[in-house]
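Visitor: File follows, input.csv with CSV, C-alpha atoms:
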chain,number,residue,atom,x,y,z
V,16,MET,CA,19.2,-9.7,19.4
V,17,LYS,CA,21.6,-11.7,17.2
V,18,THR,CA,21.4,-10.8,13.5
V,19,LEU,CA,20.7,-13.8,11.3
V,20,ASP,CA,21.6,-14.1,7.6
V,21,PHE,CA,18.5,-15.1,5.6
V,22,SER,CA,19.9,-14.4,2.1
V,23,GLY,CA,19.9,-18.1,1.5
V,24,ILE,CA,16.1,-17.9,0.9
V,25,ARG,CA,16.8,-15.8,-2.2
V,26,ASN,CA,19.5,-18.0,-3.8
V,27,SER,CA,18.8,-21.5,-2.4
V,28,GLY,CA,21.7,-21.1,-0.1
V,29,PRO,CA,21.9,-22.2,3.6
V,30,LEU,CA,19.6,-20.8,6.2
V,31,PRO,CA,20.6,-20.1,9.8
V,32,SER,CA,19.4,-22.6,12.4
V,33,SER,CA,15.8,-22.0,13.6
V,34,ASP,CA,17.1,-22.7,17.1
V,35,ASP,CA,18.7,-19.3,17.0
V,36,VAL,CA,15.4,-17.4,17.1
V,37,GLU,CA,15.3,-15.4,20.3
V,38,ILE,CA,12.1,-14.7,22.2
V,39,PRO,CA,11.5,-11.0,22.9
V,40,SER,CA,12.0,-10.4,26.5
V,41,ASP,CA,8.8,-8.3,26.9
V,42,ILE,CA,6.4,-10.5,25.0
V,43,GLY,CA,4.7,-11.9,28.1
V,44,ASP,CA,1.4,-13.6,27.5
V,45,LEU,CA,1.3,-12.5,23.8
V,46,LEU,CA,3.7,-15.3,23.0
V,47,GLU,CA,0.9,-17.9,22.9
V,48,ASP,CA,-1.3,-15.6,20.7
V,49,TYR,CA,1.7,-15.0,18.4
V,50,VAL,CA,2.5,-18.6,17.9
V,51,GLU,CA,-1.1,-19.6,17.3
V,52,SER,CA,-1.7,-16.8,14.8
V,53,THR,CA,1.6,-17.4,12.9
V,54,GLU,CA,1.1,-21.2,12.8
V,55,SER,CA,-2.3,-20.6,11.2
V,56,MET,CA,-0.9,-18.1,8.7
V,57,VAL,CA,2.0,-20.4,7.6
V,58,ASP,CA,-0.5,-23.2,7.2
V,59,GLU,CA,-2.4,-20.9,4.8
V,60,LEU,CA,0.8,-20.0,3.1
V,61,GLU,CA,1.6,-23.7,2.5
V,62,GLN,CA,-1.8,-24.2,0.9
V,63,ALA,CA,-1.3,-21.2,-1.3
V,64,ALA,CA,2.2,-22.5,-2.3
V,65,LEU,CA,0.9,-25.9,-3.1
V,66,ALA,CA,-1.9,-24.3,-5.2
V,67,LEU,CA,0.7,-22.3,-7.1
V,68,GLU,CA,2.8,-25.4,-7.7
V,69,ALA,CA,-0.3,-27.1,-9.2
V,70,GLY,CA,-0.8,-24.1,-11.4
V,71,GLN,CA,-4.2,-23.2,-9.8
V,72,GLY,CA,-5.5,-19.6,-9.6
V,73,CYS,CA,-2.0,-18.2,-10.0
V,74,LEU,CA,-2.9,-14.5,-9.7
V,75,GLU,CA,-5.2,-15.1,-6.8
V,76,ASN,CA,-2.7,-17.3,-5.0
V,77,ALA,CA,0.2,-14.9,-5.6
V,78,ALA,CA,-1.9,-12.2,-4.0
V,79,ALA,CA,-2.6,-14.4,-1.1
V,80,VAL,CA,1.1,-15.2,-0.7
V,81,ARG,CA,2.0,-11.5,-0.7
V,82,ARG,CA,-0.7,-10.7,1.9
V,83,LEU,CA,0.3,-13.6,4.2
V,84,LEU,CA,4.0,-12.8,4.0
V,85,HIS,CA,3.2,-9.2,4.8
V,86,LYS,CA,1.0,-10.1,7.7
V,87,ILE,CA,3.4,-12.6,9.2
V,88,LYS,CA,6.1,-10.0,9.0
V,89,GLY,CA,3.8,-7.4,10.6
V,90,GLU,CA,2.9,-9.5,13.5
V,91,ALA,CA,6.5,-10.7,14.1
V,92,SER,CA,7.7,-7.1,14.0
V,93,MET,CA,4.9,-5.9,16.3
V,94,VAL,CA,5.7,-8.3,19.1
V,95,GLY,CA,9.5,-8.1,18.7
V,96,PHE,CA,10.4,-11.3,16.8
V,97,ASP,CA,12.7,-9.2,14.6
V,98,GLN,CA,14.6,-12.1,13.2
V,99,ILE,CA,11.4,-13.7,11.9
V,100,ALA,CA,10.3,-10.3,10.5
V,101,GLU,CA,13.6,-10.1,8.7
V,102,PHE,CA,13.2,-13.6,7.3
V,103,CYS,CA,9.7,-12.5,6.0
V,104,HIS,CA,11.3,-9.4,4.4
V,105,GLN,CA,13.8,-11.6,2.6
V,106,ALA,CA,11.1,-14.0,1.5
V,107,GLU,CA,9.1,-11.1,0.1
V,108,PHE,CA,12.1,-10.1,-2.0
V,109,ALA,CA,12.6,-13.7,-3.0
V,110,PHE,CA,9.0,-14.1,-4.1
V,111,GLU,CA,9.3,-11.1,-6.5
V,112,GLU,CA,12.8,-12.0,-7.8
V,113,LEU,CA,12.5,-15.7,-8.4
V,114,PRO,CA,11.0,-17.3,-11.6
V,115,GLU,CA,7.5,-18.5,-11.0
V,116,ARG,CA,8.4,-22.2,-11.1
V,117,GLN,CA,10.9,-21.7,-8.2
V,118,ARG,CA,8.5,-19.8,-5.9
V,119,PRO,CA,6.6,-22.8,-4.4
V,120,ASP,CA,9.8,-24.4,-3.2
V,121,MET,CA,11.0,-21.2,-1.7
V,122,LEU,CA,7.7,-20.7,0.1
V,123,LEU,CA,7.7,-24.3,1.4
V,124,ARG,CA,11.2,-23.8,2.7
V,125,PHE,CA,10.2,-20.6,4.4
V,126,LYS,CA,7.2,-22.3,5.9
V,127,ASP,CA,9.2,-25.2,7.3
V,128,TRP,CA,11.8,-22.9,8.8
V,129,VAL,CA,9.2,-20.7,10.5
V,130,TRP,CA,7.3,-23.7,11.7
V,131,ASP,CA,10.4,-25.2,13.3
V,132,ALA,CA,11.2,-21.9,14.9
V,133,LEU,CA,7.7,-21.7,16.4
V,134,GLN,CA,8.0,-25.2,17.8
V,135,ASN,CA,11.3,-24.2,19.4
V,136,VAL,CA,9.8,-21.1,20.8
V,137,LYS,CA,6.9,-23.1,22.3
V,138,GLU,CA,9.3,-25.5,24.1
E,19,MET,CA,-10.6,14.0,28.8
E,20,ALA,CA,-11.0,10.2,28.4
E,21,LEU,CA,-10.7,9.2,24.7
E,22,ASN,CA,-12.6,6.5,23.0
E,23,ILE,CA,-10.1,4.8,20.6
E,24,LEU,CA,-10.9,2.6,17.6
E,25,ILE,CA,-8.2,0.2,16.5
E,26,VAL,CA,-8.6,-1.1,13.0
E,27,ASP,CA,-6.3,-4.0,12.0
E,28,ASP,CA,-7.0,-7.4,10.5
E,29,SER,CA,-4.6,-9.0,13.0
E,30,ALA,CA,-6.1,-9.6,16.4
E,31,LEU,CA,-2.6,-10.0,17.8
E,32,THR,CA,-1.7,-6.5,16.5
E,33,ARG,CA,-4.8,-5.0,17.9
E,34,LYS,CA,-4.0,-6.5,21.3
E,35,LYS,CA,-0.4,-5.3,21.2
E,36,ILE,CA,-1.5,-1.8,20.2
E,37,ARG,CA,-3.9,-1.7,23.0
E,38,ARG,CA,-1.1,-2.7,25.4
E,39,ILE,CA,1.2,0.0,24.1
E,40,ILE,CA,-1.6,2.6,24.6
E,41,GLU,CA,-2.2,1.4,28.1
E,42,MET,CA,1.4,2.1,28.9
E,43,VAL,CA,1.0,5.8,28.1
E,44,ASP,CA,-0.2,8.0,30.9
E,45,PHE,CA,-3.5,9.2,29.7
E,46,GLU,CA,-7.1,8.3,30.2
E,47,VAL,CA,-8.8,6.0,27.7
E,48,GLY,CA,-12.6,5.8,27.8
E,49,ARG,CA,-13.3,2.8,25.7
E,50,PHE,CA,-11.4,0.7,23.2
E,51,PHE,CA,-13.2,-0.4,20.1
E,52,GLU,CA,-11.7,-2.9,17.7
E,53,ALA,CA,-12.4,-3.7,14.0
E,54,GLY,CA,-10.8,-6.2,11.6
E,55,ASN,CA,-11.3,-4.1,8.5
E,56,GLY,CA,-12.6,-0.8,7.2
E,57,ALA,CA,-16.2,-1.9,6.8
E,58,GLU,CA,-16.4,-3.0,10.4
E,59,ALA,CA,-14.8,0.2,11.5
E,60,LEU,CA,-17.3,2.3,9.6
E,61,LYS,CA,-20.1,0.4,11.3
E,62,ILE,CA,-18.6,1.1,14.8
E,63,LEU,CA,-18.1,4.7,13.9
E,64,ASP,CA,-21.7,4.9,13.0
E,65,GLU,CA,-22.9,3.4,16.2
E,66,SER,CA,-20.6,4.9,18.8
E,67,SER,CA,-18.7,8.0,19.8
E,68,THR,CA,-15.0,7.7,18.8
E,69,ASP,CA,-12.3,10.3,19.4
E,70,LEU,CA,-9.4,8.7,17.6
E,71,VAL,CA,-9.0,6.0,14.9
E,72,LEU,CA,-5.8,4.0,14.6
E,73,ALA,CA,-5.9,2.3,11.2
E,74,ASP,CA,-3.8,-0.2,9.3
E,75,LEU,CA,-3.8,0.1,5.5
E,76,ASN,CA,-3.7,-3.5,4.2
E,77,MET,CA,-6.8,-5.2,5.3
E,78,PRO,CA,-9.2,-7.6,3.5
E,79,GLU,CA,-12.7,-6.6,2.4
E,80,MET,CA,-12.0,-2.8,2.9
E,81,GLY,CA,-8.6,-1.4,3.5
E,82,GLY,CA,-7.6,1.7,5.5
E,83,ALA,CA,-7.4,4.1,2.5
E,84,GLU,CA,-11.0,3.4,1.4
E,85,MET,CA,-12.2,3.6,5.0
E,86,ILE,CA,-10.6,7.0,5.3
E,87,ARG,CA,-12.2,8.2,2.1
E,88,ARG,CA,-15.6,7.1,3.2
E,89,MET,CA,-15.1,8.7,6.6
E,90,ARG,CA,-14.3,12.0,4.9
E,91,THR,CA,-17.5,12.0,2.9
E,92,ASN,CA,-19.7,11.4,6.0
E,93,GLU,CA,-20.6,14.5,8.0
E,94,ALA,CA,-20.6,12.5,11.2
E,95,THR,CA,-17.1,11.0,10.8
E,96,LYS,CA,-15.2,13.5,8.6
E,97,SER,CA,-13.7,15.3,11.6
E,98,VAL,CA,-12.7,12.2,13.6
E,99,PRO,CA,-8.8,12.1,13.6
E,100,VAL,CA,-7.2,9.2,11.9
E,101,VAL,CA,-3.7,8.0,12.5
E,102,VAL,CA,-2.3,5.4,10.0
E,103,VAL,CA,-0.5,2.5,11.7
E,104,SER,CA,1.4,0.5,9.1
E,105,THR,CA,4.7,-1.0,8.0
E,106,GLU,CA,4.5,1.1,4.9
E,107,SER,CA,6.9,3.9,5.8
E,108,ASN,CA,8.0,5.0,2.3
E,109,THR,CA,5.1,4.6,0.0
E,110,THR,CA,3.3,7.2,-2.1
E,111,ARG,CA,0.1,5.8,-0.6
E,112,VAL,CA,1.0,6.8,2.9
E,113,LYS,CA,2.0,10.3,1.8
E,114,GLU,CA,-1.2,10.7,-0.1
E,115,LEU,CA,-3.2,9.7,2.9
E,116,LEU,CA,-1.2,12.2,5.1
E,117,VAL,CA,-2.2,15.0,2.7
E,118,GLU,CA,-5.7,13.8,2.6
E,119,GLY,CA,-6.2,14.7,6.2
E,120,VAL,CA,-4.7,11.8,8.1
E,121,LYS,CA,-3.3,13.3,11.2
E,122,ASP,CA,-0.2,11.3,11.6
E,123,TYR,CA,1.6,8.1,10.8
E,124,LEU,CA,3.0,5.5,13.2
E,125,HIS,CA,5.3,2.8,11.9
E,126,LYS,CA,4.8,-0.7,13.2
E,127,PRO,CA,6.1,-1.5,15.8
E,128,PHE,CA,5.8,1.8,17.7
E,129,THR,CA,6.7,2.6,21.3
E,130,PRO,CA,4.6,4.3,24.0
E,131,GLU,CA,6.7,7.4,23.6
E,132,GLU,CA,5.9,7.5,19.9
E,133,PHE,CA,2.3,7.2,20.6
E,134,ARG,CA,2.4,10.0,23.1
E,135,ALA,CA,4.1,12.2,20.4
E,136,THR,CA,1.3,11.3,18.0
E,137,LEU,CA,-1.3,12.4,20.5
E,138,GLN,CA,0.5,15.8,20.7
E,139,THR,CA,0.5,16.0,16.9
E,140,VAL,CA,-3.2,15.2,16.7
E,141,TRP,CA,-4.4,17.7,19.3
E,142,ASN,CA,-1.7,20.3,19.4
E,143,GLU,CA,-1.0,21.0,15.8
E,144,PRO,CA,1.1,24.1,15.2
E,145,ASP,CA,-0.5,27.1,13.6
E,146,VAL,CA,0.8,26.8,10.1
E,147,GLU,CA,0.1,30.4,9.3
E,148,THR,CA,2.4,31.8,11.9
E,149,LYS,CA,4.9,29.0,12.3
E,150,ASP,CA,8.4,29.7,11.1
E,151,VAL,CA,9.3,27.4,8.3
E,152,SER,CA,12.8,26.6,9.5
E,153,GLU,CA,11.3,25.6,12.9
E,154,GLY,CA,8.8,23.4,11.1
E,155,LEU,CA,11.6,21.7,9.1
E,156,ILE,CA,13.6,21.0,12.2
E,157,GLN,CA,10.5,19.6,13.9
E,158,ALA,CA,10.0,17.3,10.9
E,159,LEU,CA,13.6,16.1,11.2
E,160,GLU,CA,13.4,15.7,15.0
E,161,THR,CA,10.6,13.1,14.4
E,162,MET,CA,13.1,10.9,12.5
E,163,ALA,CA,14.7,8.2,14.6
E,164,PHE,CA,18.4,8.7,14.9
E,165,VAL,CA,18.2,12.5,14.6
E,166,THR,CA,18.6,14.3,17.9
E,167,LEU,CA,18.9,18.0,18.1
E,168,LEU,CA,22.2,19.2,19.5
E,169,PRO,CA,23.7,22.6,19.9
E,170,MET,CA,25.5,23.6,16.7
E,171,ASP,CA,29.2,24.2,16.8
E,172,ASP,CA,30.8,26.9,14.8
E,173,GLU,CA,33.0,24.3,13.2
E,174,LEU,CA,30.7,22.3,10.9
E,175,ALA,CA,32.7,19.3,9.7
E,176,ALA,CA,32.0,18.7,6.0
E,177,PRO,CA,31.2,15.1,5.2
E,178,ASP,CA,33.5,13.2,2.8
E,179,GLU,CA,30.8,13.2,0.2
E,180,THR,CA,27.5,15.0,0.1
E,181,ILE,CA,24.3,13.4,-1.1
E,182,LEU,CA,20.9,15.0,-1.4
E,183,ALA,CA,17.4,13.9,-2.3
E,184,GLU,CA,14.7,16.2,-3.6
E,185,MET,CA,11.0,15.9,-3.8
E,186,ASP,CA,8.7,18.2,-5.8
E,187,PHE,CA,5.2,18.9,-4.8
E,188,MET,CA,2.5,20.4,-7.0
E,189,GLY,CA,-1.0,21.8,-6.4
E,190,PRO,CA,-2.3,25.0,-5.0
E,191,ARG,CA,1.2,25.5,-3.6
E,192,ASN,CA,4.2,24.4,-5.6
E,193,GLY,CA,7.7,23.8,-4.5
E,194,SER,CA,10.2,21.2,-3.4
E,195,ILE,CA,11.9,19.9,-0.3
E,196,ARG,CA,15.5,19.0,-0.4
E,197,ILE,CA,17.2,16.7,2.1
E,198,ILE,CA,20.9,16.8,2.3
E,199,ALA,CA,23.3,14.7,4.3
E,200,GLY,CA,26.7,13.2,4.4
E,201,LEU,CA,27.3,9.7,3.0
E,202,ASP,CA,28.2,8.5,6.4
E,203,PHE,CA,24.8,9.6,7.7
E,204,GLY,CA,23.1,7.7,4.9
E,205,ARG,CA,25.1,4.6,5.9
E,206,ILE,CA,23.9,4.9,9.5
E,207,LEU,CA,20.3,5.1,8.3
E,208,ALA,CA,20.8,2.1,6.1
E,209,GLU,CA,22.3,0.1,8.9
E,210,ASN,CA,19.5,1.0,11.3
E,211,ILE,CA,16.5,1.3,9.1
E,212,GLY,CA,17.4,-1.3,6.5
E,213,ASN,CA,19.3,-3.6,9.0
E,214,LEU,CA,22.1,-3.8,6.5
E,215,ASP,CA,25.7,-4.7,7.5
E,216,ASN,CA,28.3,-2.7,5.7
E,217,PRO,CA,25.9,-0.8,3.5
E,218,SER,CA,27.0,0.3,0.1
E,219,ARG,CA,26.9,3.8,-1.3
E,220,GLU,CA,23.7,2.8,-3.1
E,221,ASP,CA,22.2,1.5,0.1
E,222,ALA,CA,23.1,4.8,1.8
E,223,CYS,CA,21.4,6.8,-1.0
E,224,ASP,CA,18.3,4.6,-0.8
E,225,ALA,CA,18.1,5.2,3.0
E,226,LEU,CA,18.3,8.9,2.4
E,227,LYS,CA,15.5,8.7,-0.1
E,228,GLU,CA,13.4,7.0,2.5
E,229,LEU,CA,14.2,9.7,5.0
E,230,SER,CA,13.2,12.2,2.4
E,231,ASN,CA,9.9,10.4,1.7
E,232,VAL,CA,9.0,10.2,5.4
E,233,THR,CA,10.0,13.7,6.2
E,234,CYS,CA,8.1,15.2,3.3
E,235,GLY,CA,5.1,13.0,4.2
E,236,LEU,CA,5.2,14.5,7.7
E,237,PHE,CA,5.9,18.0,6.9
E,238,LEU,CA,4.0,18.8,3.7
E,239,PRO,CA,0.6,18.3,5.1
E,240,ARG,CA,1.3,20.8,7.9
E,241,LEU,CA,2.5,23.4,5.5
E,242,THR,CA,-0.3,23.1,3.0
E,243,SER,CA,-3.2,22.0,5.1
E,244,THR,CA,-4.8,25.4,5.2
E,245,THR,CA,-4.4,26.1,1.6
E,246,ALA,CA,-4.5,22.9,-0.3
E,247,GLU,CA,-6.7,19.8,-0.2
E,248,SER,CA,-4.3,17.7,-2.2
E,249,PHE,CA,-1.1,17.7,-4.2
E,250,THR,CA,1.2,15.3,-5.8
E,251,VAL,CA,4.7,14.4,-4.8
E,252,SER,CA,7.1,13.3,-7.5
E,253,VAL,CA,9.5,10.4,-7.3
E,254,PRO,CA,12.5,11.8,-5.5
E,255,ARG,CA,15.6,12.5,-7.5
E,256,LEU,CA,18.9,11.8,-5.9
E,257,GLN,CA,22.0,13.9,-6.6
E,258,THR,CA,25.5,13.8,-5.3
E,259,CYS,CA,28.0,16.5,-4.7
E,260,ASP,CA,31.6,15.3,-4.6
E,261,ASN,CA,33.2,18.6,-3.6
E,262,SER,CA,30.8,19.3,-0.8
E,263,SER,CA,30.1,22.8,-2.0
E,264,GLN,CA,26.4,22.3,-1.9
E,265,TRP,CA,26.8,21.0,1.7
E,266,HIS,CA,28.6,24.2,2.7
E,267,ALA,CA,26.0,26.3,1.1
E,268,PHE,CA,23.3,24.4,2.8
E,269,VAL,CA,24.7,24.4,6.3
E,270,GLU,CA,25.2,28.2,6.2
E,271,ASP,CA,21.5,28.3,7.0
E,272,ARG,CA,21.7,27.0,10.5
E,273,GLY,CA,17.9,27.1,10.9
E,274,SER,CA,17.4,24.1,8.7
E,275,VAL,CA,20.2,21.8,9.9
E,276,VAL,CA,20.4,19.5,12.8
E,277,SER,CA,23.0,17.1,14.0
E,278,ASN,CA,22.4,13.7,15.4
E,279,VAL,CA,23.9,12.1,18.5
E,280,GLU,CA,27.0,11.1,16.6
E,281,GLY,CA,27.6,14.5,15.2
E,282,HIS,CA,26.4,13.7,11.7
E,283,LEU,CA,24.6,16.6,10.1
E,284,VAL,CA,21.4,16.4,8.2
E,285,GLY,CA,19.0,19.0,7.1
E,286,THR,CA,16.0,19.9,5.0
E,287,ARG,CA,15.3,23.0,2.9
E,288,LEU,CA,12.0,24.0,1.7
E,289,ILE,CA,11.8,25.9,-1.7
E,290,MET,CA,8.5,27.4,-2.4
E,291,LYS,CA,7.9,28.2,-6.1
E,292,ASP,CA,4.9,30.5,-5.6
For this file, produce the structure as structure tokens.

Guide:
Amino acid sequence: MKTLDFSGIRNSGPLPSSDDVEIPSDIGDLLEDYVESTESMVDELEQAALALEAGQGCLENAAAVRRLLHKIKGEASMVGFDQIAEFCHQAEFAFEELPERQRPDMLLRFKDWVWDALQNVKE
Amino acid sequence: MALNILIVDDSALTRKKIRRIIEMVDFEVGRFFEAGNGAEALKILDESSTDLVLADLNMPEMGGAEMIRRMRTNEATKSVPVVVVSTESNTTRVKELLVEGVKDYLHKPFTPEEFRATLQTVWNEPDVETKDVSEGLIQALETMAFVTLLPMDDELAAPDETILAEMDFMGPRNGSIRIIAGLDFGRILAENIGNLDNPSREDACDALKELSNVTCGLFLPRLTSTTAESFTVSVPRLQTCDNSSQWHAFVEDRGSVVSNVEGHLVGTRLIMKD
């Protein structure tokens, strides 16, 4: 599986094309479950990011973000979407490193990329 | 014997995948039970006969650690083996759970072969009273990915630079476990575990620390399970040895050194203080 460089999520740099995400060869009928589950989680992540941006329930929403990133990573890793798992890993680092005011934009960027990748995978 | 297995994870997808992996292993499963958190799992354990629990740690409502604690205080469930299935390979939390009676740890994602090895660990644990310590150390190392036991040559190539990590443990039994390896081995670990390209020396040291964490987590419970209910493991210290003298001293004890498929040597040494 091709290694993608996701360091751009930590420094507002460029990200690889979401077209490059490879579908695990042995995923079989779990692909549909994976896409559905991850779409739902990135939707939740977007809501948490928007709430953070609006300054609402910061502690609670930060906890939700950490839980969601961890879970998205876990599911990706479990079914073999290693590139998406690595992206989550970098986003987890970014979330801890970035100043609070920059976190929502990073999360929304993450969400858009994963969403695009999922749409590509579905096609 | 057909085993009834309870899978506890807040991800339905992960539960499904774990079930698929188990079905690829050649042994008989009686029933699969599934729970989305610790509270649901306790309810299932209360109502059914379960032979093995595979549990995640991070779950809403009730996590795996709390579930395990509650299982241990209930006569009906305290002897049901629990295997932690998590992405948390190097945390103190995992190690604490291992010493609290959790039988084994599987890192997500795991393979059918790894699950089979876990079954052996759960039901064929070695007799810690009679087991040779060096053999136990080698077994702990053999469980590490990238470390494959090969016959030892008389010529042991010294690495360019030697690094070692050490972890102290305290409790009814006190001592430390030292893990020692060449810098090149640390870099291989960093490349494979950390997915790092061209890992730095610091990355290599971090990877060795992780190896140390996991090895101690796997090995210490075996060693102390008959004499200790709990102990603490300190944050590992990392030392380096530029002239390789420690390495030479270390590899003199062939019983605690293994080499991986590329010929890199790595070993552990147990130092009991009482």

Visitor: Just the residues within 7 Å of Asp27 (chain E), please, counting all atoms listed in the file, with nothing from its chain fewer than 3 positions along; format it as an MDAnalysis selection string.

Guide: chainID E and resid 32:33 53:55 73:74 77

Visitor: Near Ala77 (chain V), within 12 Å and counting all atoms listed in the file, which residues show up once chain neighbours fewer than 5 positions away are dropped, as a PDB file with C-alpha atoms, in the frame of the given file?

Guide:
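Just written: out-v9.pdb:
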ATOM      1  CA  LEU V  60       0.800 -20.000   3.100  1.00  0.00           C
ATOM      2  CA  GLN V  62      -1.800 -24.200   0.900  1.00  0.00           C
ATOM      3  CA  ALA V  63      -1.300 -21.200  -1.300  1.00  0.00           C
ATOM      4  CA  ALA V  64       2.200 -22.500  -2.300  1.00  0.00           C
ATOM      5  CA  LEU V  65       0.900 -25.900  -3.100  1.00  0.00           C
ATOM      6  CA  ALA V  66      -1.900 -24.300  -5.200  1.00  0.00           C
ATOM      7  CA  LEU V  67       0.700 -22.300  -7.100  1.00  0.00           C
ATOM      8  CA  GLU V  68       2.800 -25.400  -7.700  1.00  0.00           C
ATOM      9  CA  GLY V  70      -0.800 -24.100 -11.400  1.00  0.00           C
ATOM     10  CA  GLN V  71      -4.200 -23.200  -9.800  1.00  0.00           C
ATOM     11  CA  GLY V  72      -5.500 -19.600  -9.600  1.00  0.00           C
ATOM     12  CA  ARG V  82      -0.700 -10.700   1.900  1.00  0.00           C
ATOM     13  CA  LEU V  83       0.300 -13.600   4.200  1.00  0.00           C
ATOM     14  CA  LEU V  84       4.000 -12.800   4.000  1.00  0.00           C
ATOM     15  CA  GLU V 107       9.100 -11.100   0.100  1.00  0.00           C
ATOM     16  CA  PHE V 110       9.000 -14.100  -4.100  1.00  0.00           C
ATOM     17  CA  GLU V 111       9.300 -11.100  -6.500  1.00  0.00           C
ATOM     18  CA  GLU V 115       7.500 -18.500 -11.000  1.00  0.00           C
ATOM     19  CA  ARG V 118       8.500 -19.800  -5.900  1.00  0.00           C
ATOM     20  CA  PRO V 119       6.600 -22.800  -4.400  1.00  0.00           C
ATOM     21  CA  LEU V 122       7.700 -20.700   0.100  1.00  0.00           C
TER      22      LEU V 122
END

Visitor: Can you tell me which residues surround Ser27 (chain V) at a distance of at most 12 Å, considering all atoms listed in the file, apart from same-chain residues fewer than 4 positions away, and format the answer as a ChimeraX atom specification?

Guide: /V:21-23,106,109,113,117-118,120-122,124-125

Visitor: Just give me the gap between CA of Thr180 (chain E) and CA of His266 (chain E) in Å, one decimal is fine.

Guide: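 Computing the Euclidean distance for CA of Thr180 (chain E) and CA of His266 (chain E) yields 9.6 Å.
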
Visitor: Do you know which residues are at most 8 Å from Ile87 (chain V) counting all atoms listed in the file, after dropping those on the same chain fewer than 4 positions away, and could you put them as a VMD selection string?

Guide: chain V and resid 53 56 83 91 100 103

Visitor: Could you list, as number ranges by chain, every residue of chain V that has an atom within 8 Å of an atom of chain E, counting all atoms listed in the file?

Guide: V: 45, 48-49, 52, 86, 89-90, 92-95

Visitor: To one decimal place in Å, what is the distance between CA of Cys259 (chain E) and CA of Ala208 (chain E)?

Guide: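 So the two atoms, CA of Cys259 (chain E) and CA of Ala208 (chain E), lie 19.4 Å apart.
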
Visitor: May I ask for the distance between CA of Val102 (chain E) and CA of Glu59 (chain V), given in Å to one decimal place?

Guide: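 That distance, rounded to one decimal, is 26.8 Å.
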
Visitor: Just checking: using only C-alpha atoms, which residue out of E:Glu220, E:Leu256, E:Ala225, E:Ile39 ends up closest to Thr129 (chain E)?

Guide: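 For Thr129 (chain E), the nearest of the candidates is E:Ile39.
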
Visitor: What lies within 12 Å of Asp131 (chain V) using only C-alpha atoms, ignoring chain neighbours under 6 positions off, as a list of chain:residue names?

Guide: V:Pro31, V:Ser32, V:Ser33, V:Asp34, V:Asp35, V:Val36, V:Val50, V:Thr53, V:Glu54, V:Val57, V:Ile99, V:Arg124, V:Phe125, V:Lys137, V:Glu138

Visitor: With all atoms listed in the file as the atoms that count, which of V:Glu112, V:Glu51, V:Leu74, V:Glu101 lies nearest to Trp130 (chain V)?

Guide: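 Of V:Glu112, V:Glu51, V:Leu74, V:Glu101, the one nearest Trp130 (chain V), counting all atoms listed in the file, is V:Glu51.
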
Visitor: In terms of the shortest atom-to-atom distance over all atoms listed in the file, which of E:Ala57, E:Ile198, E:Val98, E:Leu207 is closest to Glu79 (chain E)?

Guide: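 For Glu79 (chain E), the nearest of the given residues is E:Ala57.
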
Visitor: Go through E:Asp122, E:Met85, E:Arg38, E:Trp141 and flag the residue nearest Leu21 (chain E), using all atoms listed in the file for the distances.

Guide: E:Trp141
